[in-house]
$ cat target_30.txt   # compact mmCIF, C-alpha atoms and all ligand atoms
# COMPACT_ATOMS: atom_id res chain seq x y z
CA MET A 1 0.00 0.00 0.00
CA HIS A 2 1.06 3.60 -0.31
CA TYR A 3 0.99 6.22 2.41
CA PHE A 4 -0.68 9.62 2.10
CA GLU A 5 1.25 12.47 3.66
CA THR A 6 1.09 16.24 3.77
CA GLU A 7 3.51 18.85 5.03
CA PHE A 8 1.96 18.75 8.51
CA ILE A 9 0.63 15.19 8.79
CA LYS A 10 3.32 12.69 7.95
CA TYR A 11 5.44 9.78 9.12
CA LYS A 12 8.63 10.24 11.07
CA ASN A 13 10.55 7.06 11.88
CA ASN A 14 7.53 5.04 10.69
CA GLU A 15 5.14 6.76 13.13
CA LEU A 16 2.34 9.07 11.99
CA PHE A 17 2.71 12.59 13.36
CA ILE A 18 0.33 15.52 13.37
CA GLU A 19 2.82 18.37 13.37
CA ASN A 20 5.19 17.48 16.25
CA VAL A 21 2.80 15.18 18.06
CA LYS A 22 2.81 11.42 17.64
CA ALA A 23 -0.70 10.22 16.78
CA SER A 24 -0.37 7.15 19.02
CA ASP A 25 0.34 9.41 22.03
CA LEU A 26 -2.96 11.18 21.44
CA ILE A 27 -4.80 7.86 21.39
CA LYS A 28 -3.40 6.96 24.81
CA GLU A 29 -4.81 10.19 26.20
CA PHE A 30 -8.09 10.64 24.34
CA GLY A 31 -9.13 7.22 23.02
CA THR A 32 -10.85 6.57 19.71
CA PRO A 33 -12.63 7.47 17.47
CA LEU A 34 -10.74 10.76 17.51
CA TYR A 35 -10.62 13.78 15.23
CA VAL A 36 -7.24 15.51 15.15
CA TYR A 37 -6.56 18.75 13.28
CA SER A 38 -3.32 20.46 12.32
CA LYS A 39 -3.64 24.17 13.00
CA ASN A 40 -0.66 25.01 10.84
CA HIS A 41 -2.16 23.23 7.86
CA PHE A 42 -5.14 25.58 8.09
CA ILE A 43 -2.89 28.61 8.42
CA SER A 44 -0.68 27.54 5.56
CA GLN A 45 -3.61 26.89 3.19
CA TYR A 46 -5.14 30.27 4.05
CA LYS A 47 -1.86 32.06 3.43
CA LYS A 48 -1.34 30.25 0.11
CA PHE A 49 -4.78 31.40 -1.01
CA GLU A 50 -4.13 34.97 0.13
CA GLN A 51 -0.76 35.04 -1.58
CA ALA A 52 -2.12 33.66 -4.86
CA PHE A 53 -4.62 36.52 -5.13
CA SER A 54 -2.53 39.25 -3.53
CA GLU A 55 -2.46 41.35 -6.70
CA ILE A 56 -6.24 41.85 -6.80
CA ASN A 57 -8.72 43.43 -4.41
CA HIS A 58 -10.28 40.41 -2.71
CA GLN A 59 -11.58 38.92 0.55
CA ILE A 60 -11.82 35.32 1.72
CA PHE A 61 -15.01 34.21 3.51
CA TYR A 62 -14.28 30.84 5.08
CA ALA A 63 -17.17 28.42 4.38
CA MET A 64 -17.62 27.17 7.93
CA LYS A 65 -19.92 24.35 6.85
CA SER A 66 -16.75 22.42 6.02
CA ASN A 67 -15.57 22.50 9.64
CA PHE A 68 -17.44 24.55 12.21
CA ASN A 69 -15.31 23.77 15.24
CA LEU A 70 -15.00 27.12 17.05
CA SER A 71 -11.20 26.95 17.27
CA VAL A 72 -10.96 26.19 13.57
CA ILE A 73 -13.23 29.09 12.64
CA ASN A 74 -11.30 31.31 15.00
CA THR A 75 -8.00 30.34 13.38
CA PHE A 76 -9.26 31.78 10.09
CA VAL A 77 -10.84 34.81 11.76
CA GLN A 78 -7.49 35.61 13.40
CA LEU A 79 -5.91 35.53 9.95
CA GLY A 80 -8.39 38.16 8.73
CA SER A 81 -10.91 35.87 7.06
CA GLY A 82 -14.60 36.64 6.77
CA ILE A 83 -17.13 33.81 7.16
CA ASP A 84 -19.79 32.38 4.89
CA VAL A 85 -22.69 31.13 7.04
CA ASN A 86 -25.56 29.02 5.82
CA SER A 87 -28.03 29.22 8.70
CA GLU A 88 -28.81 31.04 11.92
CA GLY A 89 -27.02 28.22 13.76
CA GLU A 90 -23.85 28.89 11.80
CA LEU A 91 -24.31 32.64 12.33
CA PHE A 92 -24.60 32.01 16.07
CA ARG A 93 -21.38 29.98 16.04
CA ALA A 94 -19.52 32.47 13.85
CA LEU A 95 -20.38 35.36 16.17
CA LYS A 96 -18.96 33.40 19.13
CA THR A 97 -15.49 34.07 17.71
CA GLY A 98 -16.08 37.80 18.09
CA ILE A 99 -15.96 38.42 14.33
CA SER A 100 -17.66 41.59 13.15
CA PRO A 101 -20.95 40.83 11.34
CA SER A 102 -19.69 43.13 8.60
CA LYS A 103 -17.38 40.23 7.65
CA ILE A 104 -20.17 37.68 7.40
CA ILE A 105 -22.08 36.58 4.30
CA LEU A 106 -25.48 34.93 4.84
CA THR A 107 -26.03 32.18 2.29
CA GLY A 108 -28.71 29.53 1.83
CA VAL A 109 -31.26 28.37 -0.71
CA GLY A 110 -34.07 28.28 1.83
CA LYS A 111 -33.57 30.95 4.45
CA THR A 112 -36.46 31.37 6.85
CA ARG A 113 -38.02 34.72 7.76
CA GLU A 114 -36.26 34.54 11.11
CA GLU A 115 -32.90 33.93 9.48
CA ILE A 116 -33.33 36.88 7.14
CA ARG A 117 -34.48 39.12 9.99
CA LEU A 118 -31.52 38.06 12.12
CA GLY A 119 -29.08 38.68 9.26
CA ILE A 120 -30.45 42.18 8.76
CA GLU A 121 -30.56 42.91 12.49
CA LYS A 122 -26.96 41.81 12.98
CA LYS A 123 -25.96 43.88 9.93
CA VAL A 124 -24.19 41.11 8.01
CA MET A 125 -22.16 42.30 5.05
CA MET A 126 -24.45 40.76 2.49
CA ILE A 127 -27.41 38.42 2.16
CA LYS A 128 -27.44 36.18 -0.86
CA ALA A 129 -30.83 35.73 -2.48
CA GLU A 130 -31.61 32.62 -4.45
CA SER A 131 -35.10 33.34 -5.82
CA GLU A 132 -37.35 36.23 -6.77
CA GLU A 133 -39.68 35.37 -3.88
CA GLU A 134 -36.77 35.60 -1.48
CA VAL A 135 -35.81 39.04 -2.85
CA GLU A 136 -39.38 40.19 -2.26
CA LEU A 137 -39.35 38.78 1.26
CA ILE A 138 -36.01 40.41 2.14
CA ASN A 139 -37.41 43.71 0.86
CA ARG A 140 -40.56 43.37 2.97
CA ILE A 141 -38.66 42.43 6.12
CA ALA A 142 -36.15 45.27 5.65
CA ALA A 143 -39.03 47.71 5.07
CA GLY A 144 -40.65 46.55 8.31
CA MET A 145 -37.36 47.24 10.09
CA ASN A 146 -36.94 50.56 8.31
CA VAL A 147 -33.52 49.70 6.91
CA THR A 148 -31.87 48.87 3.59
CA ALA A 149 -30.54 45.32 3.25
CA PRO A 150 -27.40 44.60 1.20
CA VAL A 151 -28.21 41.79 -1.24
CA ALA A 152 -26.39 39.81 -3.94
CA LEU A 153 -28.16 37.48 -6.30
CA ARG A 154 -26.78 33.98 -6.57
CA VAL A 155 -26.82 33.29 -10.26
CA ASN A 156 -26.96 29.75 -11.59
CA PRO A 157 -24.64 29.85 -14.60
CA ASP A 158 -25.72 26.45 -15.96
CA VAL A 159 -22.17 25.11 -16.00
CA ASP A 160 -21.21 21.50 -15.39
CA ALA A 161 -18.66 21.36 -12.56
CA LYS A 162 -18.02 17.66 -13.37
CA THR A 163 -18.05 16.57 -9.76
CA HIS A 164 -20.25 14.14 -7.80
CA PRO A 165 -23.92 14.91 -8.69
CA TYR A 166 -24.76 15.45 -5.00
CA ILE A 167 -22.24 18.28 -4.73
CA SER A 168 -22.80 19.83 -8.16
CA THR A 169 -24.79 23.04 -7.83
CA GLY A 170 -24.33 25.15 -10.97
CA LEU A 171 -26.64 23.42 -13.45
CA SER A 172 -30.19 24.60 -14.23
CA LYS A 173 -31.50 21.29 -12.99
CA ASN A 174 -29.99 21.99 -9.53
CA LYS A 175 -32.07 23.82 -6.91
CA PHE A 176 -29.48 26.56 -6.43
CA GLY A 177 -29.40 30.13 -7.69
CA ILE A 178 -31.41 32.11 -10.20
CA ASP A 179 -30.86 31.76 -13.92
CA SER A 180 -29.12 34.59 -15.68
CA SER A 181 -32.10 36.10 -17.51
CA ALA A 182 -34.29 36.03 -14.39
CA ALA A 183 -31.47 37.60 -12.37
CA LEU A 184 -31.12 40.36 -14.97
CA SER A 185 -34.80 41.19 -14.73
CA ILE A 186 -34.68 41.29 -10.91
CA TYR A 187 -31.68 43.64 -10.96
CA LYS A 188 -33.49 45.81 -13.53
CA ARG A 189 -36.50 46.08 -11.22
CA ARG A 190 -34.25 47.38 -8.45
CA ASN A 191 -36.24 50.58 -7.98
CA GLU A 192 -39.23 48.50 -6.89
CA PHE A 193 -37.19 47.04 -4.05
CA LYS A 194 -36.85 50.21 -2.02
CA ASN A 195 -35.33 48.49 1.00
CA ILE A 196 -32.70 46.52 -0.84
CA GLN A 197 -29.37 47.64 -2.13
CA PHE A 198 -27.98 45.24 -4.72
CA THR A 199 -24.31 45.14 -3.81
CA GLY A 200 -23.10 42.13 -5.72
CA ILE A 201 -23.41 39.10 -7.89
CA ASP A 202 -22.63 35.58 -6.74
CA MET A 203 -22.00 32.03 -7.93
CA HIS A 204 -21.08 28.68 -6.40
CA ILE A 205 -21.03 25.85 -8.92
CA GLY A 206 -20.20 22.86 -6.74
CA SER A 207 -17.61 21.28 -4.51
CA GLN A 208 -14.45 19.17 -4.96
CA ILE A 209 -14.10 20.50 -8.50
CA ALA A 210 -11.05 18.94 -10.12
CA SER A 211 -10.44 21.27 -13.07
CA ILE A 212 -10.27 25.03 -13.57
CA GLU A 213 -12.35 25.14 -16.78
CA PRO A 214 -15.83 25.09 -15.16
CA PHE A 215 -14.78 28.05 -12.97
CA VAL A 216 -13.51 29.98 -15.99
CA GLU A 217 -16.71 29.25 -17.90
CA ALA A 218 -18.94 30.32 -15.01
CA ILE A 219 -16.91 33.45 -14.19
CA SER A 220 -17.04 34.44 -17.87
CA LYS A 221 -20.81 33.96 -18.02
CA LEU A 222 -21.37 35.97 -14.86
CA SER A 223 -19.00 38.66 -16.07
CA GLU A 224 -21.23 39.20 -19.11
CA LEU A 225 -24.14 39.78 -16.77
CA TYR A 226 -21.99 42.07 -14.63
CA PHE A 227 -21.13 44.22 -17.69
CA GLU A 228 -24.73 44.27 -18.83
CA LEU A 229 -25.75 45.54 -15.40
CA ARG A 230 -23.05 48.18 -15.49
CA ASP A 231 -24.41 49.38 -18.83
CA GLU A 232 -27.79 49.57 -17.12
CA GLY A 233 -26.30 51.89 -14.52
CA LEU A 234 -25.95 49.34 -11.71
CA ASP A 235 -22.46 49.39 -10.25
CA LEU A 236 -21.96 46.27 -8.19
CA ILE A 237 -19.26 46.41 -5.55
CA HIS A 238 -18.49 42.72 -5.30
CA PHE A 239 -18.32 39.58 -7.40
CA ASP A 240 -18.52 36.41 -5.30
CA VAL A 241 -16.96 33.30 -6.83
CA GLY A 242 -18.15 30.90 -4.09
CA GLY A 243 -16.06 27.89 -3.11
CA GLY A 244 -15.53 24.50 -4.69
CA ILE A 245 -11.79 24.18 -5.21
CA GLY A 246 -10.90 20.49 -5.13
CA VAL A 247 -8.15 18.94 -3.02
CA GLN A 248 -6.20 15.69 -3.24
CA TYR A 249 -7.65 12.75 -1.34
CA ASN A 250 -5.35 10.27 -3.06
CA ASN A 251 -3.03 10.74 -6.01
CA GLU A 252 -5.71 12.16 -8.28
CA LYS A 253 -4.92 14.99 -10.65
CA SER A 254 -5.83 18.38 -9.32
CA PHE A 255 -4.67 21.95 -9.76
CA THR A 256 -2.74 24.25 -7.49
CA ILE A 257 -4.13 27.49 -6.12
CA GLU A 258 -1.42 29.32 -8.06
CA GLU A 259 -2.66 27.77 -11.33
CA PHE A 260 -6.22 28.67 -10.37
CA ALA A 261 -5.17 32.27 -9.72
CA GLU A 262 -3.21 32.47 -12.97
CA LYS A 263 -6.26 31.45 -15.03
CA THR A 264 -8.84 33.54 -13.18
CA ILE A 265 -7.03 36.78 -12.27
CA PRO A 266 -7.15 38.09 -15.88
CA LEU A 267 -10.95 37.64 -15.79
CA PHE A 268 -11.24 39.37 -12.42
CA LYS A 269 -9.09 42.28 -13.58
CA LYS A 270 -11.69 43.14 -16.19
CA LEU A 271 -14.24 43.72 -13.41
CA SER A 272 -13.97 46.88 -11.39
CA CYS A 273 -15.08 45.44 -8.06
CA LYS A 274 -13.91 43.38 -5.11
CA ILE A 275 -13.63 39.62 -5.63
CA LEU A 276 -14.99 37.43 -2.84
CA PHE A 277 -14.10 33.77 -2.31
CA GLU A 278 -15.79 31.19 -0.08
CA PRO A 279 -13.37 28.27 0.21
CA GLY A 280 -14.16 25.52 2.68
CA ARG A 281 -12.58 22.21 1.76
CA PHE A 282 -9.42 23.81 0.31
CA LEU A 283 -8.66 25.27 3.73
CA THR A 284 -9.63 22.36 5.95
CA ALA A 285 -9.81 18.91 4.27
CA ASN A 286 -6.20 17.84 4.53
CA GLY A 287 -5.77 19.39 7.95
CA GLY A 288 -7.71 16.62 9.69
CA VAL A 289 -7.59 12.89 10.39
CA LEU A 290 -10.08 10.58 12.02
CA ILE A 291 -8.29 7.92 14.06
CA SER A 292 -9.99 4.64 14.74
CA GLU A 293 -9.13 1.37 16.46
CA VAL A 294 -9.25 -1.93 14.61
CA LEU A 295 -11.76 -4.07 16.48
CA TYR A 296 -11.88 -7.24 14.37
CA ASN A 297 -10.68 -8.84 11.17
CA LYS A 298 -13.02 -11.29 9.53
CA GLN A 299 -13.80 -13.02 6.28
CA ASN A 300 -17.23 -13.80 4.75
CA GLY A 301 -16.67 -16.11 1.79
CA ASN A 302 -13.88 -14.49 -0.19
CA LYS A 303 -14.50 -11.08 1.26
CA LYS A 304 -12.28 -9.69 4.01
CA PHE A 305 -13.49 -7.06 6.46
CA ILE A 306 -11.67 -4.83 8.90
CA ILE A 307 -14.14 -3.63 11.51
CA VAL A 308 -13.12 -0.39 13.19
CA ASP A 309 -14.64 1.66 16.00
CA ALA A 310 -15.44 4.75 13.89
CA ALA A 311 -18.53 4.68 11.73
CA MET A 312 -20.62 6.49 9.14
CA ASN A 313 -22.10 8.67 11.87
CA ASP A 314 -18.58 10.09 12.46
CA LEU A 315 -17.64 10.51 8.78
CA LEU A 316 -20.44 10.22 6.26
CA ARG A 317 -18.65 11.06 3.03
CA PRO A 318 -17.84 7.51 1.82
CA THR A 319 -21.44 6.42 2.45
CA ILE A 320 -23.20 9.21 0.61
CA TYR A 321 -20.74 10.26 -2.10
CA GLN A 322 -18.69 7.05 -2.39
CA ALA A 323 -15.90 9.46 -1.48
CA TYR A 324 -12.33 8.20 -1.30
CA HIS A 325 -10.46 8.73 1.95
CA HIS A 326 -7.02 7.25 2.25
CA ILE A 327 -6.69 4.88 5.22
CA GLN A 328 -3.40 3.90 6.76
CA PRO A 329 -2.02 2.50 10.00
CA LEU A 330 -0.45 4.84 12.54
CA GLN A 331 2.72 2.74 12.24
CA GLN A 332 4.27 1.95 8.88
CA HIS A 333 4.82 -1.78 8.59
CA ASN A 334 6.82 -2.16 5.42
CA GLU A 335 7.55 -5.83 6.08
CA ARG A 336 3.88 -6.84 6.46
CA VAL A 337 1.72 -8.18 3.63
CA ASP A 338 -1.08 -6.19 2.05
CA ILE A 339 -4.62 -7.52 1.97
CA VAL A 340 -7.71 -6.36 0.08
CA ALA A 341 -10.57 -5.63 2.46
CA ASP A 342 -13.60 -3.49 3.20
CA ILE A 343 -13.02 -1.16 6.11
CA VAL A 344 -16.32 -0.85 7.94
CA GLY A 345 -17.84 0.54 11.13
CA PRO A 346 -20.13 -0.90 13.82
CA VAL A 347 -23.36 0.76 12.61
CA CYS A 348 -26.13 -1.55 11.46
CA GLU A 349 -26.12 -0.40 7.83
CA THR A 350 -24.46 -1.99 4.82
CA GLY A 351 -23.58 1.56 3.76
CA ASP A 352 -21.50 1.98 6.91
CA TYR A 353 -18.07 1.75 5.34
CA PHE A 354 -14.96 3.86 4.86
CA ALA A 355 -13.44 1.89 1.98
CA ARG A 356 -14.38 -1.01 -0.24
CA ASP A 357 -11.97 -3.54 -1.71
CA ARG A 358 -9.10 -1.43 -0.47
CA GLU A 359 -5.51 -2.64 -0.58
CA ILE A 360 -4.15 -2.10 2.91
CA THR A 361 -1.40 -3.45 5.12
CA LYS A 362 -2.68 -6.20 7.37
CA THR A 363 -3.50 -4.73 10.76
CA HIS A 364 -4.56 -6.57 13.86
CA SER A 365 -7.20 -5.99 16.48
CA GLY A 366 -6.01 -3.27 18.87
CA GLU A 367 -4.00 -1.42 16.22
CA TYR A 368 -5.09 1.96 14.88
CA LEU A 369 -5.96 3.34 11.46
CA ALA A 370 -5.94 6.97 10.36
CA ILE A 371 -8.69 7.98 7.96
CA MET A 372 -7.06 10.85 6.13
CA SER A 373 -8.38 14.16 4.74
CA ALA A 374 -11.15 14.24 7.33
CA GLY A 375 -10.84 17.95 8.15
CA ALA A 376 -13.70 18.99 5.83
CA TYR A 377 -17.30 17.76 6.02
CA GLY A 378 -16.32 15.24 8.69
CA MET A 379 -17.41 16.31 12.15
CA THR A 380 -19.87 18.85 10.68
CA MET A 381 -21.87 16.06 9.05
CA SER A 382 -21.68 13.69 12.01
CA SER A 383 -24.68 12.44 13.96
CA ASN A 384 -25.62 10.35 16.97
CA TYR A 385 -27.09 7.54 14.87
CA ASN A 386 -27.12 4.18 16.67
CA GLY A 387 -26.73 6.01 19.97
CA ARG A 388 -23.12 6.85 19.22
CA ARG A 389 -21.42 9.71 21.00
CA ARG A 390 -19.56 12.13 18.77
CA PRO A 391 -15.75 12.01 18.93
CA PRO A 392 -13.53 14.67 20.51
CA GLU A 393 -11.78 17.24 18.35
CA ILE A 394 -8.12 17.84 19.15
CA ILE A 395 -6.09 20.64 17.64
CA VAL A 396 -2.33 20.32 17.35
CA ASP A 397 -0.20 23.43 16.98
CA ARG A 398 3.45 22.34 16.69
CA ASP A 399 4.10 20.63 20.10
CA ASN A 400 0.91 21.87 21.69
CA ILE A 401 -2.28 19.90 22.09
CA PHE A 402 -5.68 21.57 22.62
CA VAL A 403 -8.91 19.77 23.34
CA SER A 404 -11.33 21.93 21.40
CA ARG A 405 -14.30 19.68 22.04
CA SER A 406 -14.33 16.64 24.26
CA ARG A 407 -16.10 13.38 23.59
CA GLU A 408 -19.85 13.65 24.06
CA THR A 409 -21.20 12.11 27.23
CA PHE A 410 -24.24 9.86 27.47
CA GLU A 411 -26.07 12.86 28.91
CA HIS A 412 -25.53 14.70 25.61
CA LEU A 413 -27.42 11.92 23.90
CA LEU A 414 -30.46 12.65 26.04
CA TRP A 415 -30.43 16.44 25.60
CA ASP A 416 -33.57 17.73 27.35
CA GLU A 417 -35.53 14.63 26.44
CA LYS A 418 -38.38 13.46 28.69
CA ILE A 419 -40.45 10.33 29.01
CA ILE A 420 -44.19 11.04 28.77
N1 LIG B 1 -20.14 28.53 -0.69
C1 LIG B 1 -21.36 27.93 -0.78
C2 LIG B 1 -22.51 28.74 -1.10
C3 LIG B 1 -21.46 26.55 -0.58
O1 LIG B 1 -22.65 25.97 -0.67
C4 LIG B 1 -20.30 25.79 -0.27
C5 LIG B 1 -20.39 24.34 -0.05
C6 LIG B 1 -19.06 26.46 -0.17
C7 LIG B 1 -19.02 27.83 -0.40
C8 LIG B 1 -17.79 25.75 0.15
O2 LIG B 1 -17.46 24.81 -0.81
P1 LIG B 1 -16.03 24.06 -0.77
O3 LIG B 1 -14.95 25.09 -0.99
O4 LIG B 1 -15.89 23.43 0.55
O5 LIG B 1 -16.12 23.07 -1.88
N2 LIG B 1 -20.67 17.66 2.02
C9 LIG B 1 -20.04 17.68 0.72
C10 LIG B 1 -19.71 19.06 0.25
C11 LIG B 1 -20.93 19.99 0.23
C12 LIG B 1 -20.59 21.38 -0.17
C13 LIG B 1 -21.72 22.31 0.14
N3 LIG B 1 -21.48 23.69 -0.16
C14 LIG B 1 -18.79 16.80 0.79
O6 LIG B 1 -18.51 16.23 1.84
O7 LIG B 1 -18.13 16.61 -0.23
$ encode --input "target_30.txt" --output "structure tokens"
Amino acid sequence: MHYFETEFIKYKNNELFIENVKASDLIKEFGTPLYVYSKNHFISQYKKFEQAFSEINHQIFYAMKSNFNLSVINTFVQLGSGIDVNSEGELFRALKTGISPSKIILTGVGKTREEIRLGIEKKVMMIKAESEEEVELINRIAAGMNVTAPVALRVNPDVDAKTHPYISTGLSKNKFGIDSSAALSIYKRRNEFKNIQFTGIDMHIGSQIASIEPFVEAISKLSELYFELRDEGLDLIHFDVGGGIGVQYNNEKSFTIEEFAEKTIPLFKKLSCKILFEPGRFLTANGGVLISEVLYNKQNGNKKFIIVDAAMNDLLRPTIYQAYHHIQPLQQHNERVDIVADIVGPVCETGDYFARDREITKTHSGEYLAIMSAGAYGMTMSSNYNGRRRPPEIIVDRDNIFVSRSRETFEHLLWDEKII
């Protein structure tokens, strides 16, 4: 088998380290399943992004849906990032870091009245609208509050991001955004919306996008609309590109942020406004691992199984997107044989697996496996299914270890529940 390593999560003397901390030492202290994050991976990814776009007027809004651990959000806030929130719950969490609401974007295809009201009341930088009815509602709510709400329309550019259908969002058949011609007519009716100021235009075409072309196509399409609006006398102050930049989960082909910047900066330079980005996965995915203990090895017919103590409730991505996560032992055993096995969890679902027919070094009960690239859409998509307590989240910063969230207790599982 091969081993997946990054600058901050790699083997030293055959032992997996997160920065300067040996993964097996963390297990002794915190048990498994266990999420561990590398703070300096997050910082380094953020700085790479910043650097790549330094020559244009821009702002990053971290998409906290990828990892909403307070310490992780705060790491980006400390670096100057804004935040993209998708619900009042995310807004609540974001504000806990002390970030100014003027650095928050409120997103979401189905915002409730309360969410819109809260966004306006807190004075978020911009509310994205995804339908004409929502624009009308924002206008009514703002009028009732006697204020003007800053709004950007999320335009659906009808571009194929060529990613998993569940995380593709920029096609007309997807529920997201407003098509270009409808968006144009809403912007043109701007005088009717007396309590809205249209400040921008927005897109987000999908996630884990592996090539730059769909971005270029979508940015070009939206730019045409931007210029048309300028000719109509509407000067937008920002152009929001959304997120979606893919990362490596294995050895797949992807592009660097520098290549992305090189292809897109010429397009952005034609626009005379600020460029906003909402990266999530790019900043967090490879900064996290989920560590799990091997409980059993078994064989049904010809099929081998490795049963571990983490499950689909801890990391759902393989189950719902057939997503690849590299899995490797905490100790490199170069002399051991490889086997082909399914790596599965204890939940009573056939879909509870982390890998199928995966070539992996033989590991025994009581040894540990690291499920890699679990920093994005891992803990945020976890649940208590099968009465399972959510794992702790540990943050490593060089030699330092912080428990950002401890393992849930059984009491958490019963949160305010009563027997009638
Ligand atoms: N902006 C908006 C409006 C979004 O909906 C998203 C992600 C992002 C930004 C950040 O996208 P990123 O840079 O992380 O690709 N659970 C799925 C991914 C869902 C993405 C949802 N929206 C997964 O585990 O692959």
$ residues_around --input "target_30.txt" --residues "Glu130 (chain A)" --least-positions-apart "3" --cutoff "7 Å" --atoms "only C-alpha atoms" --output "JSON, numbers by chain"
{"A": [109, 134, 153, 154, 176, 177, 178]}
$ closest_residue --input "target_30.txt" --among "A:Leu184, A:Ile105, A:Leu369, A:Val308" --to "His238 (chain A)" --atoms "all atoms listed in the file"
A:Ile105
$ residues_near_point --input "target_30.txt" --point "(-6.8, 39.1, -15.4)" --cutoff "12 Å" --atoms "all atoms listed in the file" --output "list of chain:residue names"
A:Phe53, A:Glu55, A:Ile56, A:Asn57, A:Val216, A:Ile219, A:Ser220, A:Phe260, A:Ala261, A:Glu262, A:Lys263, A:Thr264, A:Ile265, A:Pro266, A:Leu267, A:Phe268, A:Lys269, A:Lys270, A:Leu271, A:Ser272, A:Ile275
$ closest_residue --input "target_30.txt" --among "A:His325, A:Arg405, A:Lys303, A:Lys298" --to "Ser365 (chain A)" --atoms "all atoms listed in the file"
A:Lys298
$ residues_near_ligand --input "target_30.txt" --ligand "ligand LIG 1 (chain B)" --cutoff "6 Å" --atoms "all atoms listed in the file" --output "PDB file with C-alpha atoms, in the coordinates of the input"
ATOM      1  CA  ALA A  63     -17.170  28.420   4.380  1.00  0.00           C
ATOM      2  CA  SER A  66     -16.750  22.420   6.020  1.00  0.00           C
ATOM      3  CA  THR A 107     -26.030  32.180   2.290  1.00  0.00           C
ATOM      4  CA  ILE A 167     -22.240  18.280  -4.730  1.00  0.00           C
ATOM      5  CA  HIS A 204     -21.080  28.680  -6.400  1.00  0.00           C
ATOM      6  CA  SER A 207     -17.610  21.280  -4.510  1.00  0.00           C
ATOM      7  CA  GLN A 208     -14.450  19.170  -4.960  1.00  0.00           C
ATOM      8  CA  GLY A 242     -18.150  30.900  -4.090  1.00  0.00           C
ATOM      9  CA  GLY A 243     -16.060  27.890  -3.110  1.00  0.00           C
ATOM     10  CA  GLY A 244     -15.530  24.500  -4.690  1.00  0.00           C
ATOM     11  CA  ILE A 245     -11.790  24.180  -5.210  1.00  0.00           C
ATOM     12  CA  GLU A 278     -15.790  31.190  -0.080  1.00  0.00           C
ATOM     13  CA  PRO A 279     -13.370  28.270   0.210  1.00  0.00           C
ATOM     14  CA  GLY A 280     -14.160  25.520   2.680  1.00  0.00           C
ATOM     15  CA  ARG A 281     -12.580  22.210   1.760  1.00  0.00           C
ATOM     16  CA  PHE A 282      -9.420  23.810   0.310  1.00  0.00           C
ATOM     17  CA  ARG A 317     -18.650  11.060   3.030  1.00  0.00           C
ATOM     18  CA  TYR A 377     -17.300  17.760   6.020  1.00  0.00           C
TER      19      TYR A 377
END
$ atom_distance --input "target_30.txt" --atom1 "CA of Asn250 (chain A)" --atom2 "CA of Gly345 (chain A)"
21.3 Å
$ decode --input "target_30.txt" --residues "region 240-272 of chain A" --atoms "C-alpha atoms" --output "PDB file, in the first residue's frame"
ATOM      1  CA  ASP A 240     -18.517  36.414  -5.296  1.00  0.00           C
ATOM      2  CA  VAL A 241     -16.956  33.295  -6.827  1.00  0.00           C
ATOM      3  CA  GLY A 242     -18.153  30.905  -4.091  1.00  0.00           C
ATOM      4  CA  GLY A 243     -16.056  27.890  -3.112  1.00  0.00           C
ATOM      5  CA  GLY A 244     -15.531  24.500  -4.687  1.00  0.00           C
ATOM      6  CA  ILE A 245     -11.788  24.179  -5.212  1.00  0.00           C
ATOM      7  CA  GLY A 246     -10.899  20.490  -5.133  1.00  0.00           C
ATOM      8  CA  VAL A 247      -8.145  18.939  -3.019  1.00  0.00           C
ATOM      9  CA  GLN A 248      -6.203  15.693  -3.238  1.00  0.00           C
ATOM     10  CA  TYR A 249      -7.648  12.748  -1.344  1.00  0.00           C
ATOM     11  CA  ASN A 250      -5.351  10.265  -3.064  1.00  0.00           C
ATOM     12  CA  ASN A 251      -3.031  10.742  -6.007  1.00  0.00           C
ATOM     13  CA  GLU A 252      -5.708  12.160  -8.280  1.00  0.00           C
ATOM     14  CA  LYS A 253      -4.916  14.992 -10.650  1.00  0.00           C
ATOM     15  CA  SER A 254      -5.831  18.380  -9.324  1.00  0.00           C
ATOM     16  CA  PHE A 255      -4.674  21.949  -9.760  1.00  0.00           C
ATOM     17  CA  THR A 256      -2.741  24.254  -7.487  1.00  0.00           C
ATOM     18  CA  ILE A 257      -4.128  27.494  -6.120  1.00  0.00           C
ATOM     19  CA  GLU A 258      -1.418  29.324  -8.060  1.00  0.00           C
ATOM     20  CA  GLU A 259      -2.663  27.773 -11.325  1.00  0.00           C
ATOM     21  CA  PHE A 260      -6.223  28.673 -10.367  1.00  0.00           C
ATOM     22  CA  ALA A 261      -5.168  32.268  -9.721  1.00  0.00           C
ATOM     23  CA  GLU A 262      -3.211  32.469 -12.966  1.00  0.00           C
ATOM     24  CA  LYS A 263      -6.258  31.450 -15.033  1.00  0.00           C
ATOM     25  CA  THR A 264      -8.837  33.537 -13.178  1.00  0.00           C
ATOM     26  CA  ILE A 265      -7.029  36.778 -12.273  1.00  0.00           C
ATOM     27  CA  PRO A 266      -7.153  38.090 -15.882  1.00  0.00           C
ATOM     28  CA  LEU A 267     -10.948  37.636 -15.789  1.00  0.00           C
ATOM     29  CA  PHE A 268     -11.238  39.367 -12.415  1.00  0.00           C
ATOM     30  CA  LYS A 269      -9.086  42.280 -13.578  1.00  0.00           C
ATOM     31  CA  LYS A 270     -11.694  43.139 -16.193  1.00  0.00           C
ATOM     32  CA  LEU A 271     -14.239  43.724 -13.413  1.00  0.00           C
ATOM     33  CA  SER A 272     -13.967  46.877 -11.392  1.00  0.00           C
TER      34      SER A 272
END
